[in-house]
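See below for query-v8.cif, which holds mmCIF, C-alpha atoms.
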data_entry
#
loop_
_atom_site.label_atom_id
_atom_site.label_comp_id
_atom_site.auth_asym_id
_atom_site.auth_seq_id
_atom_site.Cartn_x
_atom_site.Cartn_y
_atom_site.Cartn_z
CA MET Q 168 37.06 175.69 31.73
CA THR Q 169 38.49 172.68 33.55
CA ILE Q 170 36.33 169.73 34.50
CA GLN Q 171 37.66 167.95 37.57
CA ASP Q 172 37.23 164.25 38.36
CA THR Q 173 36.02 164.50 41.96
CA ALA Q 174 37.41 161.09 42.91
CA SER Q 175 40.96 161.63 41.69
CA GLY Q 176 41.26 165.40 41.39
CA ARG Q 177 42.43 164.96 37.80
CA ALA Q 178 40.99 166.78 34.83
CA SER Q 179 38.63 164.54 32.87
CA ALA Q 180 37.37 164.67 29.33
CA ALA Q 181 34.58 167.13 28.75
CA PRO Q 182 31.22 165.80 27.57
CA LEU Q 183 30.38 166.40 23.93
CA SER Q 184 27.52 168.66 25.00
CA SER Q 185 30.03 171.18 26.37
CA LEU Q 186 31.09 171.99 22.79
CA PHE Q 187 27.53 173.15 22.15
CA THR Q 188 27.55 175.83 24.84
CA PRO Q 189 27.84 179.54 23.90
CA PHE Q 190 31.07 181.48 24.23
CA ASP Q 191 31.68 185.21 24.43
CA LEU Q 192 34.50 186.28 22.12
CA GLY Q 193 34.73 189.79 23.50
CA THR Q 194 31.37 191.37 22.75
CA LEU Q 195 30.52 188.65 20.20
CA ARG Q 196 28.44 185.75 21.53
CA VAL Q 197 29.22 182.62 19.54
CA PRO Q 198 26.34 180.11 19.86
CA ASN Q 199 28.64 177.09 20.20
CA ARG Q 200 32.35 176.24 20.18
CA PHE Q 201 32.64 175.22 16.52
CA VAL Q 202 34.46 177.41 14.02
CA MET Q 203 34.89 176.95 10.28
CA ALA Q 204 38.61 177.17 9.58
CA PRO Q 205 39.79 179.46 6.75
CA MET Q 206 40.38 177.56 3.50
CA THR Q 207 41.38 179.16 0.19
CA ARG Q 208 38.86 178.27 -2.51
CA GLU Q 209 39.49 180.69 -5.43
CA PHE Q 210 35.87 180.77 -6.57
CA SER Q 211 35.62 184.59 -6.62
CA PRO Q 212 36.32 185.96 -10.14
CA GLU Q 213 37.84 189.44 -10.07
CA GLY Q 214 37.99 189.14 -6.30
CA THR Q 215 34.21 189.26 -5.87
CA VAL Q 216 32.31 186.60 -3.95
CA THR Q 217 29.52 185.06 -6.04
CA ASP Q 218 26.10 183.69 -5.12
CA ASP Q 219 27.68 180.23 -4.96
CA VAL Q 220 30.19 181.46 -2.37
CA VAL Q 221 27.41 183.12 -0.38
CA GLY Q 222 25.52 179.83 -0.32
CA TYR Q 223 28.65 177.87 0.61
CA TYR Q 224 29.11 179.87 3.84
CA ALA Q 225 25.39 180.23 4.65
CA ARG Q 226 24.81 176.46 4.42
CA ARG Q 227 27.43 175.81 7.07
CA ALA Q 228 26.03 178.49 9.35
CA ALA Q 229 22.54 177.01 8.97
CA ALA Q 230 23.89 173.56 9.87
CA GLY Q 231 25.28 174.75 13.19
CA VAL Q 232 28.76 176.22 12.71
CA GLY Q 233 28.88 178.95 15.34
CA LEU Q 234 31.62 181.11 13.83
CA LEU Q 235 32.90 181.09 10.27
CA ILE Q 236 36.34 182.40 9.33
CA THR Q 237 36.46 183.13 5.63
CA GLU Q 238 39.13 182.03 3.24
CA GLY Q 239 42.08 184.42 3.12
CA VAL Q 240 41.02 187.81 1.76
CA TYR Q 241 43.42 190.19 0.02
CA VAL Q 242 43.91 193.52 1.77
CA SER Q 243 45.79 195.32 -1.02
CA GLU Q 244 46.61 195.37 -4.72
CA ASP Q 245 49.85 193.46 -4.07
CA SER Q 246 48.58 190.95 -1.50
CA GLY Q 247 48.66 187.85 -3.68
CA PRO Q 248 48.87 186.34 -7.16
CA SER Q 249 45.33 185.19 -7.92
CA THR Q 250 42.48 187.10 -9.54
CA ARG Q 251 40.04 184.59 -8.01
CA VAL Q 252 40.81 185.17 -4.33
CA PRO Q 253 38.29 187.56 -2.75
CA ARG Q 254 39.33 191.13 -1.83
CA LEU Q 255 38.27 193.51 0.89
CA PHE Q 256 38.48 196.61 -1.24
CA GLY Q 257 36.49 197.83 -4.23
CA GLU Q 258 32.83 198.86 -4.43
CA ALA Q 259 31.57 195.68 -6.09
CA GLN Q 260 33.61 193.46 -3.80
CA LEU Q 261 32.35 195.11 -0.61
CA ALA Q 262 28.74 195.05 -1.80
CA ALA Q 263 29.02 191.30 -2.36
CA TRP Q 264 30.51 190.80 1.10
CA ARG Q 265 27.61 192.69 2.69
CA ARG Q 266 25.17 190.30 1.04
CA LEU Q 267 27.19 187.30 2.23
CA VAL Q 268 27.34 188.56 5.82
CA GLU Q 269 23.58 189.17 5.83
CA GLU Q 270 22.93 185.60 4.67
CA VAL Q 271 25.23 184.09 7.32
CA HIS Q 272 23.59 186.16 10.05
CA ALA Q 273 20.14 185.16 8.82
CA ALA Q 274 21.23 181.51 9.09
CA GLY Q 275 22.24 182.01 12.73
CA GLY Q 276 26.03 182.20 12.38
CA ALA Q 277 28.73 184.78 12.98
CA ILE Q 278 31.51 185.46 10.48
CA VAL Q 279 34.91 187.14 10.33
CA PRO Q 280 37.22 187.60 7.33
CA GLN Q 281 40.83 186.45 7.39
CA LEU Q 282 42.99 189.41 6.31
CA TRP Q 283 45.78 188.07 4.10
CA HIS Q 284 48.98 189.30 2.49
CA LEU Q 285 51.24 186.61 1.06
CA GLY Q 286 54.48 188.60 1.01
CA ALA Q 287 57.23 186.65 -0.76
CA ALA Q 288 54.87 183.69 -1.18
CA ARG Q 289 53.07 185.79 -3.81
CA GLY Q 290 55.92 184.78 -6.13
CA ASP Q 291 57.33 186.48 -9.22
CA HIS Q 292 54.58 185.59 -11.71
CA ALA Q 293 51.35 187.00 -10.29
CA GLU Q 294 48.22 187.10 -12.43
CA PHE Q 295 46.74 189.83 -10.24
CA ASN Q 296 48.63 193.08 -10.86
CA PRO Q 297 51.77 191.38 -12.27
CA GLU Q 298 53.50 194.74 -12.64
CA LEU Q 299 53.67 195.18 -8.85
CA PRO Q 300 56.64 193.73 -6.94
CA SER Q 301 56.20 191.03 -4.30
CA LEU Q 302 57.24 192.62 -1.02
CA SER Q 303 58.39 190.88 2.13
CA PRO Q 304 60.88 191.32 4.98
CA SER Q 305 63.91 190.16 2.99
CA GLY Q 306 62.77 188.88 -0.40
CA ILE Q 307 63.00 185.29 0.84
CA ALA Q 308 60.16 182.80 0.33
CA PRO Q 309 59.36 180.20 3.03
CA ASN Q 310 61.33 177.57 1.08
CA GLY Q 311 64.43 179.79 1.14
CA ALA Q 312 64.24 180.88 -2.50
CA GLN Q 313 64.65 184.50 -3.54
CA ARG Q 314 61.24 185.96 -4.37
CA GLY Q 315 60.44 189.60 -5.00
CA ARG Q 316 62.37 192.02 -2.84
CA ALA Q 317 62.61 193.42 0.65
CA ALA Q 318 60.04 196.11 1.42
CA THR Q 319 61.22 199.58 2.35
CA VAL Q 320 60.10 201.10 5.63
CA GLU Q 321 57.74 203.35 3.67
CA GLU Q 322 56.23 200.36 1.86
CA LEU Q 323 55.72 198.59 5.17
CA ALA Q 324 53.82 201.61 6.48
CA ARG Q 325 51.55 201.43 3.43
CA ILE Q 326 50.92 197.70 3.92
CA ARG Q 327 50.17 198.30 7.61
CA ASP Q 328 47.59 200.91 6.59
CA ASP Q 329 46.13 198.50 3.99
CA PHE Q 330 45.43 196.00 6.77
CA ALA Q 331 43.79 198.72 8.85
CA ARG Q 332 41.62 199.91 5.95
CA ALA Q 333 40.53 196.35 5.22
CA ALA Q 334 39.59 195.83 8.87
CA ALA Q 335 37.55 199.04 8.88
CA ALA Q 336 35.84 197.94 5.65
CA ALA Q 337 35.04 194.56 7.21
CA LYS Q 338 33.39 196.23 10.18
CA GLU Q 339 31.43 198.53 7.88
CA ALA Q 340 30.27 195.51 5.86
CA GLY Q 341 28.82 193.92 8.99
CA PHE Q 342 31.46 191.29 9.79
CA ASP Q 343 31.62 190.28 13.47
CA GLY Q 344 35.40 190.65 13.82
CA VAL Q 345 38.58 190.09 11.81
CA GLU Q 346 41.41 187.57 11.79
CA LEU Q 347 44.97 188.53 10.87
CA HIS Q 348 46.75 185.76 8.97
CA GLY Q 349 50.12 185.55 10.68
CA ALA Q 350 50.79 181.87 9.95
CA HIS Q 351 52.09 179.36 7.39
CA GLY Q 352 54.91 181.45 5.95
CA TYR Q 353 52.88 184.43 4.71
CA LEU Q 354 53.83 188.09 5.19
CA LEU Q 355 53.28 188.61 8.92
CA ASP Q 356 54.77 185.19 9.64
CA GLN Q 357 57.74 186.01 7.41
CA PHE Q 358 58.58 188.77 9.86
CA LEU Q 359 58.18 186.51 12.88
CA TRP Q 360 60.36 183.68 11.57
CA GLU Q 361 64.11 184.22 11.45
CA GLY Q 362 64.31 181.96 8.39
CA THR Q 363 62.61 184.60 6.24
CA ASN Q 364 63.49 187.76 8.18
CA ARG Q 365 67.12 188.75 7.62
CA ARG Q 366 66.57 192.49 8.02
CA GLU Q 367 69.13 194.60 9.82
CA ASP Q 368 66.87 197.54 10.63
CA GLN Q 369 64.29 197.92 13.42
CA TYR Q 370 62.19 195.10 11.95
CA GLY Q 371 64.80 192.33 12.05
CA GLY Q 372 67.25 190.60 14.34
CA SER Q 373 65.97 189.71 17.81
CA LEU Q 374 62.58 188.15 18.42
CA GLU Q 375 61.37 191.46 19.81
CA ALA Q 376 62.45 193.25 16.62
CA ARG Q 377 60.87 190.60 14.37
CA LEU Q 378 57.62 191.12 16.26
CA ARG Q 379 57.59 194.85 15.58
CA PHE Q 380 55.84 194.88 12.21
CA PRO Q 381 53.11 192.32 13.07
CA ALA Q 382 52.49 194.28 16.27
CA GLU Q 383 52.25 197.52 14.31
CA VAL Q 384 49.69 195.92 12.01
CA ALA Q 385 47.68 194.67 14.98
CA SER Q 386 47.81 198.11 16.60
CA ALA Q 387 46.68 199.84 13.40
CA VAL Q 388 43.83 197.36 12.99
CA ARG Q 389 42.76 197.88 16.61
CA ALA Q 390 42.74 201.65 16.11
CA ALA Q 391 40.64 201.24 12.95
CA VAL Q 392 37.93 199.04 14.49
CA GLY Q 393 37.69 200.38 18.03
CA PRO Q 394 38.31 198.87 21.46
CA ASP Q 395 35.71 196.07 21.62
CA TYR Q 396 35.76 194.55 18.13
CA PRO Q 397 37.24 191.00 18.06
CA VAL Q 398 40.72 190.89 16.50
CA ILE Q 399 42.03 187.33 16.14
CA PHE Q 400 45.64 186.53 15.28
CA ARG Q 401 46.40 183.22 13.56
CA PHE Q 402 49.97 181.99 13.94
CA SER Q 403 51.88 178.77 13.42
CA GLN Q 404 55.24 177.28 14.20
CA TRP Q 405 55.38 175.29 10.91
CA LYS Q 406 55.78 176.77 7.44
CA SER Q 407 54.87 175.37 4.05
CA GLY Q 408 57.62 172.87 3.25
CA ASP Q 409 59.22 173.13 6.72
CA TYR Q 410 57.15 171.40 9.37
CA GLY Q 411 59.94 171.58 11.92
CA ALA Q 412 60.19 175.38 11.86
CA ARG Q 413 59.57 177.36 15.03
CA ILE Q 414 59.08 181.05 15.63
CA ALA Q 415 59.34 180.29 19.35
CA GLN Q 416 61.96 177.82 20.49
CA THR Q 417 60.70 177.77 24.08
CA PRO Q 418 57.52 178.52 26.00
CA GLU Q 419 59.21 181.70 27.22
CA GLU Q 420 59.69 182.90 23.65
CA LEU Q 421 56.09 182.01 22.84
CA GLY Q 422 55.05 184.10 25.82
CA THR Q 423 56.96 187.05 24.36
CA VAL Q 424 55.15 186.65 21.02
CA LEU Q 425 51.73 186.43 22.64
CA SER Q 426 52.16 189.26 25.14
CA THR Q 427 53.52 191.63 22.49
CA LEU Q 428 50.61 190.97 20.14
CA ALA Q 429 48.06 191.18 22.96
CA GLU Q 430 49.46 194.54 24.05
CA ALA Q 431 49.14 195.70 20.43
CA GLY Q 432 45.42 194.93 20.38
CA VAL Q 433 44.94 191.24 19.57
CA SER Q 434 42.02 189.88 21.58
CA ALA Q 435 42.12 186.15 20.66
CA PHE Q 436 44.62 183.68 19.21
CA HIS Q 437 44.26 180.93 16.61
CA PRO Q 438 47.39 178.74 16.81
CA SER Q 439 47.54 176.58 13.69
CA THR Q 440 48.89 173.05 13.99
CA ARG Q 441 48.70 170.03 11.72
CA ARG Q 442 47.56 167.75 14.57
CA HIS Q 443 45.84 169.43 17.51
CA TRP Q 444 46.71 166.61 19.91
CA GLU Q 445 50.49 166.78 19.55
CA PRO Q 446 52.54 168.41 22.34
CA ALA Q 447 54.02 171.76 21.35
CA PHE Q 448 57.00 171.68 23.71
CA PRO Q 449 57.41 168.04 24.76
CA GLU Q 450 60.73 168.90 26.34
CA ALA Q 451 59.04 171.19 28.90
CA ALA Q 452 59.00 170.01 32.50
CA GLY Q 453 55.59 168.74 33.50
CA THR Q 454 54.63 170.85 36.48
CA GLY Q 455 51.34 172.53 35.61
CA GLY Q 456 48.00 170.90 34.91
CA ALA Q 457 46.88 167.33 35.34
CA ALA Q 458 48.84 165.96 32.39
CA GLY Q 459 51.83 168.28 32.85
CA ASP Q 460 53.02 171.09 30.68
CA ALA Q 461 54.95 168.68 28.45
CA ALA Q 462 51.62 167.32 27.17
CA LEU Q 463 50.13 170.69 26.22
CA GLY Q 464 49.36 171.34 22.58
CA LEU Q 465 50.11 174.70 21.01
CA ALA Q 466 46.60 175.88 21.85
CA GLY Q 467 47.08 174.80 25.45
CA TRP Q 468 50.33 176.71 25.78
CA THR Q 469 48.72 179.74 24.15
CA LYS Q 470 45.86 179.65 26.65
CA LYS Q 471 48.21 179.13 29.59
CA LEU Q 472 50.54 181.97 28.61
CA SER Q 473 48.07 184.56 27.34
CA GLY Q 474 44.84 183.95 29.21
CA LEU Q 475 42.99 185.16 26.09
CA PRO Q 476 40.39 183.21 24.09
CA VAL Q 477 42.03 180.49 21.98
CA ILE Q 478 40.86 178.58 18.90
CA THR Q 479 42.44 175.16 18.42
CA VAL Q 480 42.76 173.52 14.99
CA GLY Q 481 44.51 170.65 13.24
CA SER Q 482 42.97 167.52 11.68
CA VAL Q 483 39.87 167.71 13.86
CA GLY Q 484 37.45 164.93 12.95
CA LEU Q 485 39.83 163.28 10.44
CA ASP Q 486 42.43 160.56 10.75
CA ASN Q 487 45.40 162.20 9.02
CA GLU Q 488 46.89 165.65 8.48
CA PHE Q 489 45.84 167.99 5.72
CA GLU Q 490 48.81 167.64 3.34
CA VAL Q 491 48.07 163.93 2.83
CA THR Q 492 44.48 164.39 1.73
CA TRP Q 493 45.15 167.59 -0.23
CA GLN Q 494 47.06 165.59 -2.82
CA GLU Q 495 45.34 164.24 -5.91
CA GLY Q 496 43.46 161.08 -5.02
CA GLY Q 497 44.03 161.62 -1.30
CA ARG Q 498 41.39 160.69 1.25
CA SER Q 499 40.88 160.97 4.97
CA GLN Q 500 38.52 158.93 7.11
CA VAL Q 501 36.41 160.17 10.01
CA ARG Q 502 38.13 160.33 13.41
CA GLY Q 503 36.51 160.52 16.84
CA LEU Q 504 36.71 163.55 19.11
CA GLU Q 505 38.04 161.84 22.24
CA ALA Q 506 41.41 163.63 22.23
CA LEU Q 507 39.72 166.96 21.54
CA LEU Q 508 37.31 166.51 24.45
CA ALA Q 509 40.18 165.57 26.75
CA GLN Q 510 41.98 168.80 25.83
CA PHE Q 511 38.79 170.80 26.32
CA GLY Q 512 38.35 169.22 29.73
CA ARG Q 513 41.85 170.40 30.64
CA GLY Q 514 40.96 173.95 29.58
CA GLU Q 515 43.40 174.07 26.65
CA PHE Q 516 41.11 175.98 24.29
CA ASP Q 517 37.78 177.79 24.03
CA LEU Q 518 36.78 177.23 20.39
CA VAL Q 519 37.67 174.56 17.84
CA ALA Q 520 38.20 175.21 14.13
CA VAL Q 521 37.21 172.52 11.67
CA GLY Q 522 38.44 172.60 8.08
CA ARG Q 523 38.44 169.79 5.54
CA VAL Q 524 35.60 167.79 7.05
CA LEU Q 525 33.36 170.84 6.56
CA LEU Q 526 34.32 170.89 2.88
CA SER Q 527 33.17 167.30 2.46
CA ASP Q 528 30.16 167.54 4.76
CA PRO Q 529 28.53 170.96 5.35
CA ARG Q 530 26.29 169.39 8.02
CA TRP Q 531 29.15 167.92 10.10
CA VAL Q 532 28.38 169.96 13.22
CA GLU Q 533 24.71 169.09 13.06
CA LYS Q 534 25.50 165.37 12.66
CA VAL Q 535 27.96 165.43 15.57
CA ARG Q 536 25.39 167.13 17.80
CA GLU Q 537 22.68 164.61 16.89
CA GLY Q 538 24.94 161.55 17.18
CA ARG Q 539 24.71 160.76 13.46
CA THR Q 540 28.45 160.28 13.08
CA GLU Q 541 27.99 157.21 10.84
CA GLU Q 542 26.49 159.58 8.26
CA ILE Q 543 29.51 161.90 8.10
CA ARG Q 544 31.04 161.98 4.65
CA PRO Q 545 34.85 161.44 4.67
CA PHE Q 546 37.04 164.04 2.99
CA SER Q 547 38.61 163.49 -0.41
CA ALA Q 548 40.81 165.77 -2.46
CA GLU Q 549 38.01 166.18 -5.00
CA ASP Q 550 35.98 168.09 -2.41
CA ARG Q 551 38.21 171.12 -2.93
CA LEU Q 552 37.19 171.35 -6.59
CA HIS Q 553 33.61 172.53 -6.04
CA LEU Q 554 31.43 174.50 -3.61
CA SER Q 555 29.00 172.08 -1.98
#

Is it possible to express this structure as structure tokens?
Amino acid sequence: MTIQDTASGRASAAPLSSLFTPFDLGTLRVPNRFVMAPMTREFSPEGTVTDDVVGYYARRAAAGVGLLITEGVYVSEDSGPSTRVPRLFGEAQLAAWRRLVEEVHAAGGAIVPQLWHLGAARGDHAEFNPELPSLSPSGIAPNGAQRGRAATVEELARIRDDFARAAAAAKEAGFDGVELHGAHGYLLDQFLWEGTNRREDQYGGSLEARLRFPAEVASAVRAAVGPDYPVIFRFSQWKSGDYGARIAQTPEELGTVLSTLAEAGVSAFHPSTRRHWEPAFPEAAGTGGAAGDAALGLAGWTKKLSGLPVITVGSVGLDNEFEVTWQEGGRSQVRGLEALLAQFGRGEFDLVAVGRVLLSDPRWVEKVREGRTEEIRPFSAEDRLHLS
């Protein structure tokens, strides 16, 4: 959507009420534009969500979050190091997920799991299945250290199938779609980024070759869930410890990434940034849109280049980026939504993901809708230590 100022012909900020209109994410109708961003909590012993976790998600749905994206969920026995991250395999685990999905639906929300494999970021000292190797494109962690080893082509085929099985299990459990975690230096992102992909076979080298495995995963997931089921792909330029990293150096390269994944079956994108208002390619010539392409955030470029539904994210509602307030003793104060509404008015995104402020205040969306912003509880690092 683009709201035009009739006097000047320029795009103007959208009214707050526009964020409370429904949106169709494929066949899924989301009641408003607010999304709970995925945040790892590790409150699921033996990979099984508990009653506390069920309540944690259901409370946010009941308070007006239209779509919830779960914390990252392991798709295989070698996905990650923790025994307390939830899994999308196993009889007990899937039964618990079904109960959680039912509670979220009863509260009026929709929910999708984030399918997660850490690759080299799993490390060399996993608690969960420590006898299994950590597999990745080249055995290189996002910080450049050697971790685990490069996966064989046969092992990659198995991991691809693990993603597809997890997606099918999610659909069977009643989830409303799935998100593939292709951001922040984890497995799929390790293929996309040349800093962690040094392969010399069909999965490494050019951007097109680095895209091959993530595209194969997306294609397998699409085949497993059918043609109309929402498949979201989360990606980022930045990596943990390297905020200047880019998988796409130019808008043209970003277009290649997006078109390849869309052709493989991705139906929506979730570009992750630390600050949603920052331009993604400030060097771009400003020729399109009221503010010019140089002012577009990563979500705006994603929308412009793909035409698919886009979720924006990055310090929404707070006054500093996540790594500051994630540290011990860190805090973040409430920030207004003026920049967000300006971007929405320019048509840069369709949905907005909110993270930390929903940890501190489960009723944030409700308070924003009712104009009770003075009641919003600021985020502090202690909020990550419990399920409120």

**OP:** Apply the PyMOL selection byres ((chain Q and resi 322-330) around 9) to the file shown and report the selected residues as a list in words.
**Re:**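 Expected selection for the PyMOL selection byres ((chain Q and resi 322-330) around 9) here is Val242, Ser243, Ser246, Leu282, Trp283, His284, Leu302, Ser303, Pro304, Ala318, Thr319, Val320, Glu321, Ala331, Arg332, Ala333, Ala334, Ala335, Leu347, Phe380, Pro381, Glu383, Val384, Ala385, Ala387 and Val388 of chain Q.
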
Distance query Phe511 in chain Q at most 8 Å, only C-alpha atoms, self and fewer than 2 positions along chain excluded, as a PDB file with C-alpha atoms, keeping the file's coordinate frame:
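The result, written out as around37.pdb:
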ATOM      1  CA  MET Q 168      37.060 175.690  31.730  1.00  0.00           C
ATOM      2  CA  THR Q 169      38.490 172.680  33.550  1.00  0.00           C
ATOM      3  CA  ALA Q 180      37.370 164.670  29.330  1.00  0.00           C
ATOM      4  CA  ALA Q 181      34.580 167.130  28.750  1.00  0.00           C
ATOM      5  CA  LEU Q 507      39.720 166.960  21.540  1.00  0.00           C
ATOM      6  CA  LEU Q 508      37.310 166.510  24.450  1.00  0.00           C
ATOM      7  CA  ALA Q 509      40.180 165.570  26.750  1.00  0.00           C
ATOM      8  CA  ARG Q 513      41.850 170.400  30.640  1.00  0.00           C
ATOM      9  CA  GLY Q 514      40.960 173.950  29.580  1.00  0.00           C
ATOM     10  CA  GLU Q 515      43.400 174.070  26.650  1.00  0.00           C
ATOM     11  CA  PHE Q 516      41.110 175.980  24.290  1.00  0.00           C
ATOM     12  CA  ASP Q 517      37.780 177.790  24.030  1.00  0.00           C
TER      13      ASP Q 517
END

Assuming 5 Å of padding per side, give the centre and edge lengths of the axis-aligned box around every listed atom of range 360-365 of chain Q, in Å to one decimal and as lines of an AutoDock Vina configuration file.
center_x = 63.7
center_y = 185.4
center_z = 8.9
size_x = 16.8
size_y = 16.8
size_z = 15.3

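Among Q:Gln281, Q:Ser373, Q:Asn310, Q:Gln260, the residue with the shortest atom-to-atom distance to Thr217 in chain Q, counting only C-alpha atoms, is Q:Gln260.
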
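Proximity ranking of Q:His348, Q:His292, Q:Arg200, Q:His437 relative to Pro280 in chain Q places Q:His348 first, based on all atoms listed in the file.
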
Subject >> Output check: residues returned by the PyMOL selection byres ((chain Q and resi 275) around 8), as a PyMOL selection string >> reply: chain Q and resi 228-229+231+233+271-274+276-277

Determine, using all atoms listed in the file, which residues of range 172-219 of chain Q have any atom at most 12 Å from an atom of range 425-435 of chain Q, and tabulate each with its shortest atom pair and distance in Å to one decimal place, rows ordered by chain and then rising number, as a tab-separated table.
residue	atom	partner	partner_atom	distance
Q:Asp191	CA	Q:Ala435	CA	11.1
Q:Leu192	CA	Q:Ala435	CA	7.8
Q:Gly193	CA	Q:Ser434	CA	7.5
Q:Thr194	CA	Q:Ser434	CA	10.8
Q:Leu195	CA	Q:Ser434	CA	11.6

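Across the structure, CA of Lys534 in chain Q and CA of Ala466 in chain Q are spaced 25.3 Å apart.
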
Subject >> For Leu421 in chain Q, the nearest of the candidates Q:Val392, Q:Val398, Q:Leu472, Q:Ile478, counting all atoms listed in the file >> reply: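 Residue with the minimum atom-to-atom distance to Leu421 in chain Q: Q:Leu472.
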
Subject >> Residue nearest Gly411 in chain Q - candidates Q:Thr423, Q:Ser179, Q:Ser185, Q:Thr440, atoms counted: only C-alpha atoms >> reply: Q:Thr440

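Every protein or nucleic acid residue with an atom no more than 7 Å from Trp264 in chain Q, counting all atoms listed in the file and leaving out same-chain residues fewer than 4 positions away, appears here: Val216, Gln260, Val268 and Ala340 of chain Q.
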
Original post:
Do you know which residues the PyMOL selection byres ((chain Q and resi 369) around 12) returns on this file, as a count of residues only?
Top reply: 21

Subject >> CA of Gly341 in chain Q to CA of Glu269 in chain Q, straight-line distance in Å >> reply: 7.7 Å

Original post:
By how many Å are CA of Ala312 in chain Q and CA of Ser403 in chain Q apart?
Top reply: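 Going from CA of Ala312 in chain Q over to CA of Ser403 in chain Q covers 20.3 Å.
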
Subject >> Best match for closeness to Val424 in chain Q among Q:Leu261, Q:Ala382, Q:Ala391, Q:Ile399, counting all atoms listed in the file >> reply: Q:Ala382

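Shortest separation to Ser407 in chain Q among Q:Leu186, Q:Ala288, Q:Ala336, Q:Leu355 occurs at residue Q:Ala288, atoms counted being all atoms listed in the file.
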
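All residues of protein, DNA or RNA that reach within 10 Å of Val252 in chain Q, judged by all atoms listed in the file and not counting those fewer than 2 positions away in the chain, are Q:Thr207, Q:Arg208, Q:Glu209, Q:Phe210, Q:Ser211, Q:Pro212, Q:Glu213, Q:Gly214, Q:Thr215, Q:Val216, Q:Glu238, Q:Gly239, Q:Val240, Q:Tyr241, Q:Gly247, Q:Pro248, Q:Ser249, Q:Thr250, Q:Arg254, Q:Phe295.
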